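Text of the file structure_12.cif, holding mmCIF, C-alpha atoms and all ligand atoms:
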```
data_query
#
loop_
_atom_site.label_atom_id
_atom_site.label_comp_id
_atom_site.auth_asym_id
_atom_site.auth_seq_id
_atom_site.Cartn_x
_atom_site.Cartn_y
_atom_site.Cartn_z
CA MET Q 1 -13.55 -165.98 214.37
CA PRO Q 2 -9.86 -166.52 215.12
CA SER Q 3 -7.55 -163.73 216.19
CA THR Q 4 -5.70 -162.06 213.35
CA LEU Q 5 -2.10 -161.46 212.44
CA SER Q 6 -2.38 -158.01 214.00
CA GLU Q 7 -2.57 -159.54 217.48
CA GLU Q 8 -0.55 -162.70 216.86
CA SER Q 9 2.49 -160.69 215.82
CA GLY Q 10 4.32 -158.28 218.07
CA PRO Q 11 7.35 -156.08 218.41
CA VAL Q 12 10.76 -157.69 218.82
CA PHE Q 13 13.13 -156.26 221.38
CA GLY Q 14 16.01 -158.68 220.91
CA SER Q 15 18.08 -156.04 219.15
CA VAL Q 16 17.36 -153.32 221.71
CA ALA Q 17 20.71 -152.90 223.40
CA LEU Q 18 19.95 -152.84 227.10
CA GLY Q 19 22.59 -151.20 229.24
CA PRO Q 20 24.52 -153.40 231.69
CA LEU Q 21 22.98 -151.58 234.67
CA ASP Q 22 19.40 -151.43 233.36
CA GLY Q 23 18.28 -154.33 235.53
CA ASP Q 24 19.98 -153.14 238.71
CA LEU Q 25 17.90 -150.43 240.37
CA THR Q 26 20.31 -150.23 243.28
CA ILE Q 27 22.88 -148.53 241.04
CA ASN Q 28 21.30 -147.54 237.70
CA PHE Q 29 20.44 -144.04 238.96
CA ALA Q 30 23.07 -143.78 241.69
CA GLN Q 31 26.14 -141.57 241.76
CA PRO Q 32 29.35 -143.50 241.03
CA GLY Q 33 30.32 -145.54 244.05
CA GLU Q 34 26.96 -145.08 245.78
CA THR Q 35 23.87 -147.27 246.00
CA ALA Q 36 20.20 -146.84 246.79
CA ILE Q 37 19.04 -146.98 250.40
CA GLY Q 38 16.94 -149.93 251.50
CA PRO Q 39 16.91 -153.70 251.94
CA ARG Q 40 18.77 -155.18 249.00
CA ILE Q 41 16.81 -157.82 247.06
CA ILE Q 42 16.92 -159.90 243.92
CA VAL Q 43 13.64 -160.42 242.06
CA HIS Q 44 13.83 -163.30 239.64
CA GLY Q 45 11.65 -165.83 237.90
CA ARG Q 46 10.54 -167.29 234.63
CA VAL Q 47 8.10 -166.11 231.99
CA HIS Q 48 5.88 -168.82 230.45
CA ASP Q 49 2.88 -168.85 228.20
CA GLU Q 50 -0.30 -170.66 229.23
CA THR Q 51 0.86 -173.87 227.59
CA GLY Q 52 3.94 -173.92 229.82
CA HIS Q 53 6.47 -172.92 227.18
CA PRO Q 54 9.13 -170.49 228.33
CA VAL Q 55 8.95 -167.08 226.67
CA SER Q 56 12.44 -166.06 225.59
CA GLY Q 57 13.34 -162.50 224.70
CA ALA Q 58 10.43 -161.09 226.73
CA LEU Q 59 10.99 -157.46 227.73
CA LEU Q 60 10.15 -156.71 231.37
CA GLU Q 61 10.03 -153.10 232.49
CA VAL Q 62 9.57 -152.37 236.19
CA TRP Q 63 8.93 -149.32 238.33
CA GLN Q 64 8.54 -148.87 242.05
CA ALA Q 65 8.62 -146.53 245.02
CA ASN Q 66 11.84 -146.21 247.00
CA ALA Q 67 12.41 -147.88 250.37
CA GLY Q 68 10.40 -145.12 252.06
CA GLY Q 69 7.39 -145.57 249.76
CA ARG Q 70 8.07 -142.47 247.66
CA TYR Q 71 8.00 -142.34 243.86
CA ARG Q 72 10.28 -140.05 241.89
CA HIS Q 73 7.48 -138.20 240.08
CA LYS Q 74 6.31 -134.62 239.97
CA ASN Q 75 2.75 -135.53 240.95
CA GLU Q 76 3.91 -137.49 243.99
CA GLY Q 77 3.11 -135.83 247.31
CA TYR Q 78 3.99 -138.34 250.02
CA LEU Q 79 6.00 -137.04 252.99
CA ALA Q 80 8.69 -139.70 252.71
CA PRO Q 81 11.90 -138.33 251.17
CA LEU Q 82 13.41 -139.04 247.79
CA ASP Q 83 16.56 -141.11 247.75
CA PRO Q 84 19.12 -139.22 245.62
CA ASN Q 85 20.53 -142.56 244.47
CA PHE Q 86 17.27 -144.22 243.45
CA GLY Q 87 15.36 -143.54 240.22
CA GLY Q 88 12.81 -146.35 240.43
CA CYS Q 89 12.90 -147.86 236.92
CA GLY Q 90 14.60 -150.93 235.52
CA ARG Q 91 14.32 -153.37 232.63
CA VAL Q 92 15.55 -156.78 231.60
CA THR Q 93 14.90 -159.38 228.90
CA THR Q 94 14.39 -163.09 229.49
CA ASP Q 95 17.01 -165.58 228.33
CA GLU Q 96 16.37 -168.62 226.12
CA ASN Q 97 14.74 -170.39 229.07
CA GLY Q 98 12.44 -167.49 229.88
CA VAL Q 99 14.47 -166.64 232.98
CA TYR Q 100 15.05 -163.09 234.24
CA ALA Q 101 16.61 -161.47 237.31
CA LEU Q 102 16.56 -157.92 238.64
CA ARG Q 103 18.29 -156.27 241.56
CA THR Q 104 16.61 -153.56 243.55
CA VAL Q 105 15.73 -152.40 247.04
CA MET Q 106 12.54 -153.41 248.80
CA PRO Q 107 9.92 -150.74 248.07
CA GLY Q 108 8.05 -149.25 251.01
CA PRO Q 109 4.27 -149.30 251.45
CA TYR Q 110 2.61 -145.93 250.85
CA PRO Q 111 -0.69 -144.22 251.60
CA TRP Q 112 -3.01 -143.26 248.77
CA PRO Q 113 -6.13 -141.15 248.56
CA ASN Q 114 -8.92 -143.70 248.42
CA GLY Q 115 -10.57 -144.09 251.81
CA THR Q 116 -9.35 -142.13 254.79
CA ASN Q 117 -6.51 -144.53 255.59
CA ASP Q 118 -5.61 -146.79 252.67
CA TRP Q 119 -2.09 -148.10 252.24
CA ARG Q 120 -0.68 -149.92 249.24
CA PRO Q 121 1.23 -153.05 250.17
CA ALA Q 122 4.86 -152.97 249.02
CA HIS Q 123 4.83 -153.74 245.31
CA ILE Q 124 6.77 -153.60 242.07
CA HIS Q 125 4.95 -152.69 238.85
CA PHE Q 126 5.73 -154.91 235.84
CA SER Q 127 5.10 -154.22 232.15
CA VAL Q 128 5.67 -157.32 229.99
CA PHE Q 129 5.98 -157.95 226.24
CA GLY Q 130 5.82 -161.53 225.05
CA HIS Q 131 5.95 -162.70 221.44
CA SER Q 132 2.57 -161.40 220.36
CA PHE Q 133 0.91 -158.08 221.05
CA ALA Q 134 -2.07 -159.98 222.47
CA GLN Q 135 0.19 -161.09 225.33
CA ARG Q 136 0.87 -157.52 226.45
CA LEU Q 137 0.52 -157.42 230.23
CA ILE Q 138 0.76 -154.89 233.02
CA THR Q 139 0.64 -156.08 236.63
CA GLN Q 140 2.03 -155.67 240.14
CA MET Q 141 4.14 -158.03 242.24
CA TYR Q 142 3.67 -158.24 246.01
CA PHE Q 143 5.88 -159.69 248.75
CA GLU Q 144 5.18 -162.80 250.82
CA GLY Q 145 3.99 -162.03 254.32
CA ASP Q 146 2.84 -158.44 253.80
CA PRO Q 147 -0.36 -157.95 255.87
CA LEU Q 148 -1.42 -155.01 253.71
CA ILE Q 149 -2.02 -157.26 250.69
CA TRP Q 150 -5.37 -158.50 251.97
CA ARG Q 151 -6.51 -155.00 252.95
CA CYS Q 152 -5.82 -153.42 249.57
CA PRO Q 153 -8.76 -152.62 247.24
CA ILE Q 154 -6.47 -152.59 244.20
CA VAL Q 155 -5.35 -156.14 245.00
CA ALA Q 156 -9.00 -157.03 245.59
CA SER Q 157 -9.89 -155.94 242.06
CA VAL Q 158 -8.62 -159.43 241.16
CA SER Q 159 -11.62 -161.49 242.18
CA ASP Q 160 -9.98 -164.92 242.31
CA ARG Q 161 -7.95 -165.57 245.48
CA THR Q 162 -5.60 -168.02 243.80
CA ALA Q 163 -4.90 -165.43 241.09
CA ILE Q 164 -3.96 -162.96 243.83
CA GLU Q 165 -1.70 -165.55 245.43
CA ARG Q 166 0.15 -165.86 242.12
CA LEU Q 167 0.96 -162.14 242.33
CA ILE Q 168 2.69 -162.67 245.69
CA ALA Q 169 6.37 -163.50 245.36
CA PRO Q 170 7.69 -165.92 247.98
CA LEU Q 171 11.04 -165.46 249.68
CA ASP Q 172 13.49 -167.69 247.81
CA MET Q 173 16.37 -168.52 250.12
CA ASP Q 174 18.05 -170.62 247.44
CA ALA Q 175 18.61 -167.56 245.26
CA THR Q 176 19.70 -165.35 248.12
CA VAL Q 177 23.25 -164.00 247.90
CA PRO Q 178 24.76 -164.40 251.39
CA MET Q 179 25.86 -161.15 253.02
CA ASP Q 180 24.38 -159.21 250.07
CA ALA Q 181 20.73 -159.60 249.05
CA ARG Q 182 17.65 -161.66 249.79
CA ALA Q 183 15.68 -163.04 246.84
CA TYR Q 184 12.02 -163.20 245.86
CA ARG Q 185 10.67 -165.34 243.06
CA PHE Q 186 8.00 -164.04 240.69
CA ASP Q 187 6.93 -166.22 237.77
CA ILE Q 188 4.78 -164.67 235.07
CA VAL Q 189 2.35 -166.40 232.70
CA LEU Q 190 1.34 -164.73 229.45
CA ARG Q 191 -1.76 -165.75 227.60
CA GLY Q 192 -1.47 -168.27 224.83
CA ARG Q 193 -2.97 -167.77 221.43
CA ARG Q 194 -6.71 -167.80 221.71
CA ALA Q 195 -9.14 -169.02 219.13
CA THR Q 196 -11.60 -166.35 220.09
CA TYR Q 197 -11.76 -162.73 219.22
CA PHE Q 198 -14.71 -160.83 220.47
CA GLU Q 199 -15.81 -157.44 221.56
CA ASN Q 200 -15.20 -156.94 225.22
CA ARG Q 201 -16.21 -154.33 227.72
CA PRO Q 202 -13.26 -153.04 229.69
CA GLU Q 203 -13.13 -154.36 233.21
CA GLY Q 204 -12.69 -152.43 236.36
CA ILE Q 205 -12.84 -148.83 235.23
CA MET N 1 3.26 -178.97 231.63
CA ALA N 2 0.17 -177.20 230.39
CA ASP N 3 -2.79 -175.10 231.37
CA LEU N 4 -1.03 -172.45 233.37
CA HIS N 5 -3.18 -169.47 234.22
CA GLU N 6 -2.43 -166.08 232.81
CA THR N 7 -0.98 -163.74 235.42
CA ALA N 8 -3.70 -161.36 236.59
CA SER N 9 -3.51 -157.81 235.33
CA GLN N 10 -3.27 -154.91 237.76
CA THR N 11 -3.69 -151.22 237.07
CA ALA N 12 -0.73 -149.36 235.63
CA GLY N 13 -1.38 -146.66 238.22
CA PRO N 14 -0.47 -142.98 237.88
CA TYR N 15 3.29 -143.51 237.51
CA VAL N 16 3.48 -145.88 234.55
CA HIS N 17 5.78 -143.41 232.79
CA ILE N 18 8.48 -143.91 235.44
CA GLY N 19 8.87 -147.46 234.20
CA CYS N 20 8.00 -147.16 230.53
CA MET N 21 9.09 -143.62 229.59
CA PRO N 22 11.44 -142.51 232.36
CA ASN N 23 13.04 -139.71 230.36
CA ALA N 24 9.61 -138.23 229.68
CA ALA N 25 8.85 -138.61 233.40
CA GLY N 26 11.93 -136.57 234.32
CA ILE N 27 14.20 -139.48 235.25
CA ALA N 28 17.21 -138.84 233.04
CA GLY N 29 20.36 -140.85 232.70
CA VAL N 30 19.10 -144.39 233.28
CA TYR N 31 18.26 -145.14 229.62
CA PRO N 32 19.62 -143.08 226.72
CA ASP N 33 16.14 -142.77 225.15
CA ASP N 34 12.63 -143.88 225.97
CA LEU N 35 11.70 -146.95 223.94
CA GLY N 36 9.33 -146.37 221.05
CA VAL N 37 9.38 -142.58 220.99
CA GLN N 38 10.69 -142.43 217.44
CA MET N 39 8.96 -144.75 214.98
CA VAL N 40 10.10 -143.27 211.67
CA ARG N 41 13.06 -141.56 210.13
CA ALA N 42 12.98 -139.31 207.07
CA ASP N 43 13.82 -142.27 204.81
CA THR N 44 11.23 -144.71 206.19
CA PRO N 45 9.20 -145.89 203.17
CA GLY N 46 5.52 -145.03 203.10
CA GLN N 47 3.21 -142.08 203.60
CA HIS N 48 4.32 -140.22 206.71
CA ILE N 49 1.38 -139.35 208.93
CA THR N 50 0.55 -137.90 212.32
CA VAL N 51 -2.05 -139.53 214.57
CA SER N 52 -3.26 -137.75 217.67
CA GLY N 53 -6.15 -137.81 220.06
CA HIS N 54 -7.47 -137.74 223.58
CA ILE N 55 -8.62 -140.49 225.89
CA TYR N 56 -11.82 -139.67 227.77
CA ASP N 57 -13.08 -141.34 230.91
CA GLY N 58 -16.71 -142.08 231.71
CA THR N 59 -17.31 -138.51 232.92
CA GLY N 60 -15.93 -137.01 229.71
CA ALA N 61 -12.71 -135.82 231.34
CA ALA N 62 -9.45 -136.21 229.41
CA VAL N 63 -7.12 -138.84 230.88
CA LYS N 64 -3.73 -137.20 231.43
CA ASP N 65 -1.57 -140.03 232.70
CA ALA N 66 -2.16 -142.71 230.08
CA LEU N 67 0.38 -144.75 228.15
CA VAL N 68 -0.55 -145.43 224.53
CA GLU N 69 1.21 -148.00 222.36
CA VAL N 70 0.79 -148.70 218.67
CA TRP N 71 1.58 -151.86 216.73
CA GLN N 72 1.20 -151.75 212.99
CA ALA N 73 2.25 -153.15 209.64
CA ASP N 74 4.65 -151.38 207.33
CA ALA N 75 3.58 -149.63 204.14
CA ASP N 76 3.43 -152.98 202.33
CA GLY N 77 1.17 -154.53 204.95
CA ASN N 78 3.87 -156.68 206.54
CA TYR N 79 4.49 -156.82 210.27
CA PRO N 80 8.18 -156.25 210.97
CA GLU N 81 9.81 -159.46 212.19
CA ASP N 82 12.96 -158.06 213.68
CA GLY N 83 13.89 -154.93 215.54
CA THR N 84 15.81 -153.33 212.68
CA GLY N 85 14.47 -150.68 210.31
CA PHE N 86 10.83 -149.73 210.78
CA THR N 87 9.88 -151.57 213.98
CA GLY N 88 6.10 -151.12 213.70
CA TRP N 89 5.89 -150.32 217.37
CA GLY N 90 5.66 -147.00 219.14
CA ARG N 91 4.84 -145.66 222.54
CA THR N 92 3.65 -142.27 223.68
CA ALA N 93 2.35 -140.53 226.79
CA SER N 94 -0.72 -138.38 227.25
CA ASP N 95 0.33 -134.79 227.79
CA PRO N 96 0.19 -134.26 231.56
CA ASP N 97 -1.61 -130.91 231.11
CA THR N 98 -3.93 -131.50 228.16
CA GLY N 99 -4.13 -135.27 227.78
CA LEU N 100 -3.27 -135.06 224.07
CA TRP N 101 -1.15 -137.92 222.73
CA HIS N 102 0.36 -138.26 219.30
CA PHE N 103 2.45 -140.50 217.05
CA GLU N 104 4.52 -139.71 214.00
CA THR N 105 4.38 -142.84 211.87
CA ILE N 106 3.54 -144.15 208.40
CA LYS N 107 0.25 -145.36 207.05
CA PRO N 108 0.26 -149.18 207.07
CA GLY N 109 -0.77 -151.21 204.05
CA PRO N 110 -3.67 -153.69 204.09
CA VAL N 111 -2.77 -156.87 206.01
CA THR N 112 -3.41 -160.31 204.53
CA HIS N 113 -6.05 -162.31 206.35
CA GLY N 114 -6.56 -165.80 205.02
CA GLU N 115 -6.85 -166.76 201.36
CA GLY N 116 -7.20 -163.71 199.20
CA LEU N 117 -8.68 -161.63 202.00
CA ALA N 118 -7.28 -158.51 203.57
CA MET N 119 -7.88 -156.34 206.58
CA ALA N 120 -8.20 -152.63 205.86
CA PRO N 121 -5.18 -150.55 206.93
CA HIS N 122 -5.30 -150.14 210.69
CA LEU N 123 -3.27 -149.41 213.79
CA THR N 124 -3.54 -151.70 216.80
CA LEU N 125 -3.57 -149.56 219.94
CA TRP N 126 -3.00 -150.60 223.53
CA ILE N 127 -3.86 -148.28 226.42
CA ALA N 128 -2.85 -148.42 230.06
CA ALA N 129 -3.79 -145.83 232.68
CA ARG N 130 -4.76 -145.25 236.25
CA GLY N 131 -8.21 -146.61 236.99
CA ILE N 132 -8.11 -149.31 234.31
CA ASN N 133 -7.32 -152.79 235.61
CA ILE N 134 -6.38 -154.21 232.22
CA GLY N 135 -4.54 -152.88 229.22
CA LEU N 136 -7.15 -152.14 226.56
CA HIS N 137 -6.75 -153.28 222.96
CA THR N 138 -8.46 -151.36 220.20
CA ARG N 139 -7.91 -150.46 216.54
CA MET N 140 -7.82 -147.32 214.51
CA TYR N 141 -8.92 -147.40 210.88
CA PHE N 142 -8.45 -144.62 208.32
CA PRO N 143 -11.42 -142.55 207.12
CA GLU N 144 -10.48 -142.65 203.42
CA ASP N 145 -10.63 -146.46 203.18
CA THR N 146 -14.42 -146.78 203.05
CA ASP N 147 -14.41 -149.56 200.44
CA ALA N 148 -11.89 -151.63 202.37
CA HIS N 149 -13.92 -151.17 205.56
CA ALA N 150 -16.91 -152.78 203.89
CA THR N 151 -14.99 -156.05 203.55
CA ASP N 152 -12.87 -155.88 206.70
CA PRO N 153 -13.46 -159.05 208.75
CA VAL N 154 -13.03 -157.38 212.14
CA LEU N 155 -15.31 -154.43 211.40
CA ALA N 156 -17.81 -156.94 210.01
CA ARG N 157 -17.80 -158.66 213.37
CA ILE N 158 -19.17 -155.55 215.09
CA LYS N 159 -22.88 -155.71 214.60
CA GLN N 160 -23.85 -152.14 215.37
CA PRO N 161 -22.53 -149.71 212.73
CA LEU N 162 -22.50 -146.87 215.25
CA ARG N 163 -20.09 -148.84 217.40
CA SER N 164 -17.72 -149.72 214.57
CA ASP N 165 -17.61 -145.99 213.76
CA THR N 166 -15.74 -145.56 217.06
CA LEU N 167 -12.76 -147.27 215.37
CA ILE N 168 -12.50 -144.84 212.45
CA ALA N 169 -10.29 -141.78 212.77
CA SER N 170 -11.21 -138.31 211.54
CA PRO N 171 -9.11 -136.52 208.94
CA GLN N 172 -7.29 -133.52 210.34
CA GLY N 173 -5.71 -131.78 207.38
CA GLU N 174 -2.87 -133.11 205.28
CA ALA N 175 -1.62 -136.56 206.37
CA ALA N 176 -2.96 -136.10 209.88
CA TYR N 177 -5.66 -137.96 211.76
CA ASN N 178 -7.52 -137.50 215.00
CA PHE N 179 -8.64 -140.51 217.02
CA ASN N 180 -10.42 -140.05 220.33
CA ILE N 181 -10.87 -142.99 222.65
CA HIS N 182 -13.83 -143.15 225.03
CA LEU N 183 -13.27 -145.59 227.88
CA GLN N 184 -16.89 -145.64 228.99
CA GLY N 185 -20.31 -144.15 228.43
CA LEU N 186 -21.85 -142.68 225.30
CA GLY N 187 -19.75 -143.42 222.25
CA GLU N 188 -17.64 -145.94 224.13
CA THR N 189 -14.84 -147.19 221.91
CA VAL N 190 -14.92 -150.84 220.93
CA PHE N 191 -12.26 -152.76 222.85
CA PHE N 192 -11.19 -156.30 221.97
CA ASP N 193 -10.44 -159.35 224.01
CA VAL N 194 -7.71 -160.70 221.77
FE FE Q 301 2.58 -148.25 242.86
#
```
File written out as C-alpha cells:
Amino acid sequence: MPSTLSEESGPVFGSVALGPLDGDLTINFAQPGETAIGPRIIVHGRVHDETGHPVSGALLEVWQANAGGRYRHKNEGYLAPLDPNFGGCGRVTTDENGVYALRTVMPGPYPWPNGTNDWRPAHIHFSVFGHSFAQRLITQMYFEGDPLIWRCPIVASVSDRTAIERLIAPLDMDATVPMDARAYRFDIVLRGRRATYFENRPEGI
Amino acid sequence: MADLHETASQTAGPYVHIGCMPNAAGIAGVYPDDLGVQMVRADTPGQHITVSGHIYDGTGAAVKDALVEVWQADADGNYPEDGTGFTGWGRTASDPDTGLWHFETIKPGPVTHGEGLAMAPHLTLWIAARGINIGLHTRMYFPEDTDAHATDPVLARIKQPLRSDTLIASPQGEAAYNFNIHLQGLGETVFFDV
C-alpha cells in the first residue's frame, strides 16, 4: 500500500517571516553591541532528498549548549556557567538550491547522567522540515576530530558507521571567514517518497 | 546523482523546546512567538475542537519533555498548500509538571484517497522526546466516525482490531477529545514507518 496524502503533504514555512538575526546565535540573544562567548563558527550545507534533489524552503531549527557545555534550561544542572549573551536557539530556511548557513559559537562537550563518567561530544541539535511530513527529521551534528564521538552511547545508537560519519561535519576552510569564523559543513538528506507504508515498532526507546 | 542515504535520526534529548519552542522554554526575545502554538482563530471555518492527552513510556510514566506536532486537513478535507490562513500544522509541548499536552484546532474533513475513496477524518501526529531515537508518526481518529473507520484504508491495514483501537480518541465532553499515546508495552500505540 502506498503512503497517503497525509504523509506526502506537509506544512509550508515559506511565508513565515524569519527575523534577520534568527540564524546567528552569536547575536540573536545578545545585548546590543555584545556577542556570545566562544569560538566563532559558521555551519553551512545543503539539504537534499534521497534522489539527490535539493530541498528548497526547508526549515532548520537548531539548539545547542553554550561554549562551556551548558544549556539555558531550567532542568539543566551542569556546573558550567550560563553566557548572558547566548540563548542557544536559531533557525534558517534553505534557498532555492537547498543551501543554508548559520552562525554560532562552538558548543562545549558536557557530562550527562548515564554511566559514571559519560560525556556528550560537542554537538548541535537539528530539527528539519522538508516538503512532506514524512520527511520530518530530528538529528545531531558533530564536529570533525572530536574524540568523544566514538565513546558516546547516543552516537552509537546509530548502528551503521558510515551513517555516523555522515553526522560528523568536516572543517571547511573554503567557507571560513578570515579573522572572523571557521566553518563546518553539514549536508542533510531527507527521505524520498516511499512506496511502502507499514506498521513499525519504534526504535531505540 | 541519486541514492543518497537519509541522514540518521538522533534523539531530540531533554531540551528540544529550546530549539523548537524557545519562548515556552523561557528563552524570550529571540523569536516573537513559538511556531505552531496557535492553529486557529475565531473565524477559522470548521468545528473548533480541543485535543489533549498524555504520552506514556514503557513503565507507564508520563513523558514530560516531549514535543508533539500535528498535521491535518482543513474542514473540507484539503491539506493547506501555503502558509496563509489555516496552516494545518501545530506544535505543542508536554506540560513539564504533568505531561499533559493539548491543541486547539478544528476537526478535519475526510481526505480523498484514490478514486472515490476517502480516509476517515484524522490528525497526523509526530512525537519527539528524550529516549526516542526517531520521531514517531501516528494518527488520531475521531470516535464518532465509526462508519468511516470501517472503510478507512489505513485502519484496514492494521490486522488486529485491538491495535487499531489505539488510534481512536475518546470523547471528553463537548468538542473535546482525549488521546493517550503509549510508546511501549501493553496497549502500545501503532506507529507508522511512512
Ligand atoms: Fe544536547
Show me, as CSV, the residues of chain Q having an atom within 7 Å of ligand FE 301 (chain Q), each with the closest atom pair and its distance in Å, using only C-alpha atoms and all ligand atoms.
```
residue,atom,partner,partner_atom,distance
Q:Gln64,CA,Q:FE301,FE,6.0
Q:Ala65,CA,Q:FE301,FE,6.6
Q:His123,CA,Q:FE301,FE,6.4
Q:Ile124,CA,Q:FE301,FE,6.8
Q:His125,CA,Q:FE301,FE,6.4
```
Contacts of chain N with chain Q up to 6 Å, shortest pair per row, only C-alpha atoms, as CSV:
```
residue,atom,partner,partner_atom,distance
N:Met1,CA,Q:Gly52,CA,5.4
N:Ala2,CA,Q:Thr51,CA,4.4
N:Asp3,CA,Q:Thr51,CA,5.4
N:Leu4,CA,Q:Glu50,CA,4.6
N:His5,CA,Q:Glu50,CA,5.9
N:Glu6,CA,Q:Val189,CA,4.8
N:Thr7,CA,Q:Val189,CA,5.1
N:Ser9,CA,Q:Thr139,CA,4.7
N:Gln10,CA,Q:Thr139,CA,4.2
N:Gly19,CA,Q:Trp63,CA,4.5
N:Val30,CA,Q:Phe29,CA,5.8
N:Asp82,CA,Q:Val12,CA,5.6
N:Gly83,CA,Q:Val12,CA,5.3
N:Gly131,CA,Q:Ile205,CA,5.4
N:Ile132,CA,Q:Ile205,CA,4.8
N:Asn133,CA,Q:Gly204,CA,5.4
N:Phe191,CA,Q:Asn200,CA,5.6
N:Phe192,CA,Q:Glu199,CA,4.8
N:Asp193,CA,Q:Asn200,CA,5.5
N:Val194,CA,Q:Tyr197,CA,5.2
```
Could you please take those selected residues and save C-alpha atoms as an mmCIF file, in the frame of the given file?
```cif
data_model
loop_
_atom_site.group_PDB
_atom_site.id
_atom_site.type_symbol
_atom_site.label_atom_id
_atom_site.label_comp_id
_atom_site.auth_asym_id
_atom_site.auth_seq_id
_atom_site.Cartn_x
_atom_site.Cartn_y
_atom_site.Cartn_z
ATOM 1 C CA MET N 1 3.260 -178.970 231.630
ATOM 2 C CA ALA N 2 0.170 -177.200 230.390
ATOM 3 C CA ASP N 3 -2.790 -175.100 231.370
ATOM 4 C CA LEU N 4 -1.030 -172.450 233.370
ATOM 5 C CA HIS N 5 -3.180 -169.470 234.220
ATOM 6 C CA GLU N 6 -2.430 -166.080 232.810
ATOM 7 C CA THR N 7 -0.980 -163.740 235.420
ATOM 8 C CA SER N 9 -3.510 -157.810 235.330
ATOM 9 C CA GLN N 10 -3.270 -154.910 237.760
ATOM 10 C CA GLY N 19 8.870 -147.460 234.200
ATOM 11 C CA VAL N 30 19.100 -144.390 233.280
ATOM 12 C CA ASP N 82 12.960 -158.060 213.680
ATOM 13 C CA GLY N 83 13.890 -154.930 215.540
ATOM 14 C CA GLY N 131 -8.210 -146.610 236.990
ATOM 15 C CA ILE N 132 -8.110 -149.310 234.310
ATOM 16 C CA ASN N 133 -7.320 -152.790 235.610
ATOM 17 C CA PHE N 191 -12.260 -152.760 222.850
ATOM 18 C CA PHE N 192 -11.190 -156.300 221.970
ATOM 19 C CA ASP N 193 -10.440 -159.350 224.010
ATOM 20 C CA VAL N 194 -7.710 -160.700 221.770
#
```
Find, counting all atoms listed in the file, the residue in N:Val111, N:Leu183, N:Ala93, N:Ala169 that gets nearest to Ala24 of chain N.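 That would be N:Ala93, the residue with the smallest distance to Ala24 of chain N.
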Rank nothing, just name the residue among Q:Glu34, Q:Asp24, Q:Asp174, Q:Asp146 nearest to Val105 of chain Q, using only C-alpha atoms.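 Nearest to Val105 of chain Q: Q:Asp24.
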Between atom CA of Lys64 of chain N and atom CA of Val51 of chain N, what is the distance in Å, rounded to a tenth?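 These atoms are spaced 17.1 Å apart.
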Atom-to-atom span, atom CA of Thr112 of chain N and atom CA of Met140 of chain N, Å: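 Pair atom CA of Thr112 of chain N / atom CA of Met140 of chain N returns 17.0 Å.
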Could you jot down the atom CA of Ile181 of chain N to atom CA of Ala61 of chain N separation for me, Å, one decimal place?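 Atom CA of Ala61 of chain N lies 11.4 Å from atom CA of Ile181 of chain N.
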Please tell me which residues are no farther than 7 Å from (-6.7, -149.1, 204.6) in the file, counting all atoms listed in the file, and write them as a PyMOL selection string. chain N and resi 109-110+120-122+141-142+145+148
Shortest interatomic distance to Thr166 of chain N - which of N:Thr151, N:Thr44, N:Thr50, N:Thr189, counting only C-alpha atoms: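 Comparing N:Thr151, N:Thr44, N:Thr50, N:Thr189 against Thr166 of chain N, the winner is N:Thr189.
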Near segment 97-108 of chain N, within 6 Å and counting all atoms listed in the file, which residues show up once chain neighbours fewer than 3 positions away are dropped, as an mmCIF file with C-alpha atoms, keeping the file's coordinate frame?
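And here's out10.cif as it stands now:
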```
data_model
loop_
_atom_site.group_PDB
_atom_site.id
_atom_site.type_symbol
_atom_site.label_atom_id
_atom_site.label_comp_id
_atom_site.auth_asym_id
_atom_site.auth_seq_id
_atom_site.Cartn_x
_atom_site.Cartn_y
_atom_site.Cartn_z
ATOM 1 C CA MET N 39 8.960 -144.750 214.980
ATOM 2 C CA VAL N 40 10.100 -143.270 211.670
ATOM 3 C CA GLY N 46 5.520 -145.030 203.100
ATOM 4 C CA GLN N 47 3.210 -142.080 203.600
ATOM 5 C CA HIS N 48 4.320 -140.220 206.710
ATOM 6 C CA ILE N 49 1.380 -139.350 208.930
ATOM 7 C CA THR N 50 0.550 -137.900 212.320
ATOM 8 C CA VAL N 51 -2.050 -139.530 214.570
ATOM 9 C CA SER N 52 -3.260 -137.750 217.670
ATOM 10 C CA GLY N 53 -6.150 -137.810 220.060
ATOM 11 C CA HIS N 54 -7.470 -137.740 223.580
ATOM 12 C CA ALA N 62 -9.450 -136.210 229.410
ATOM 13 C CA VAL N 63 -7.120 -138.840 230.880
ATOM 14 C CA LYS N 64 -3.730 -137.200 231.430
ATOM 15 C CA ALA N 73 2.250 -153.150 209.640
ATOM 16 C CA ASP N 74 4.650 -151.380 207.330
ATOM 17 C CA ALA N 75 3.580 -149.630 204.140
ATOM 18 C CA GLY N 77 1.170 -154.530 204.950
ATOM 19 C CA ALA N 93 2.350 -140.530 226.790
ATOM 20 C CA SER N 94 -0.720 -138.380 227.250
ATOM 21 C CA PRO N 121 -5.180 -150.550 206.930
#
```
Given all atoms listed in the file as the basis, pick out the residue of N:Gly88, N:Glu188, N:Gly29, N:Lys159 nearest to Asn85 of chain Q. N:Gly29
Centre and edge lengths of an axis-aligned box around all listed atoms of segment 102-115 of chain Q, with 4 Å added on each side, are to be given in Å to one decimal, as AutoDock Vina command-line options.
```
--center_x 3.9 --center_y -149.5 --center_z 245.2 --size_x 36.9 --size_y 24.8 --size_z 21.2
```
Using all atoms listed in the file, which of Q:Cys152, Q:Leu59, Q:Val92, Q:Val128 sits nearest Tyr110 of chain Q? Q:Cys152
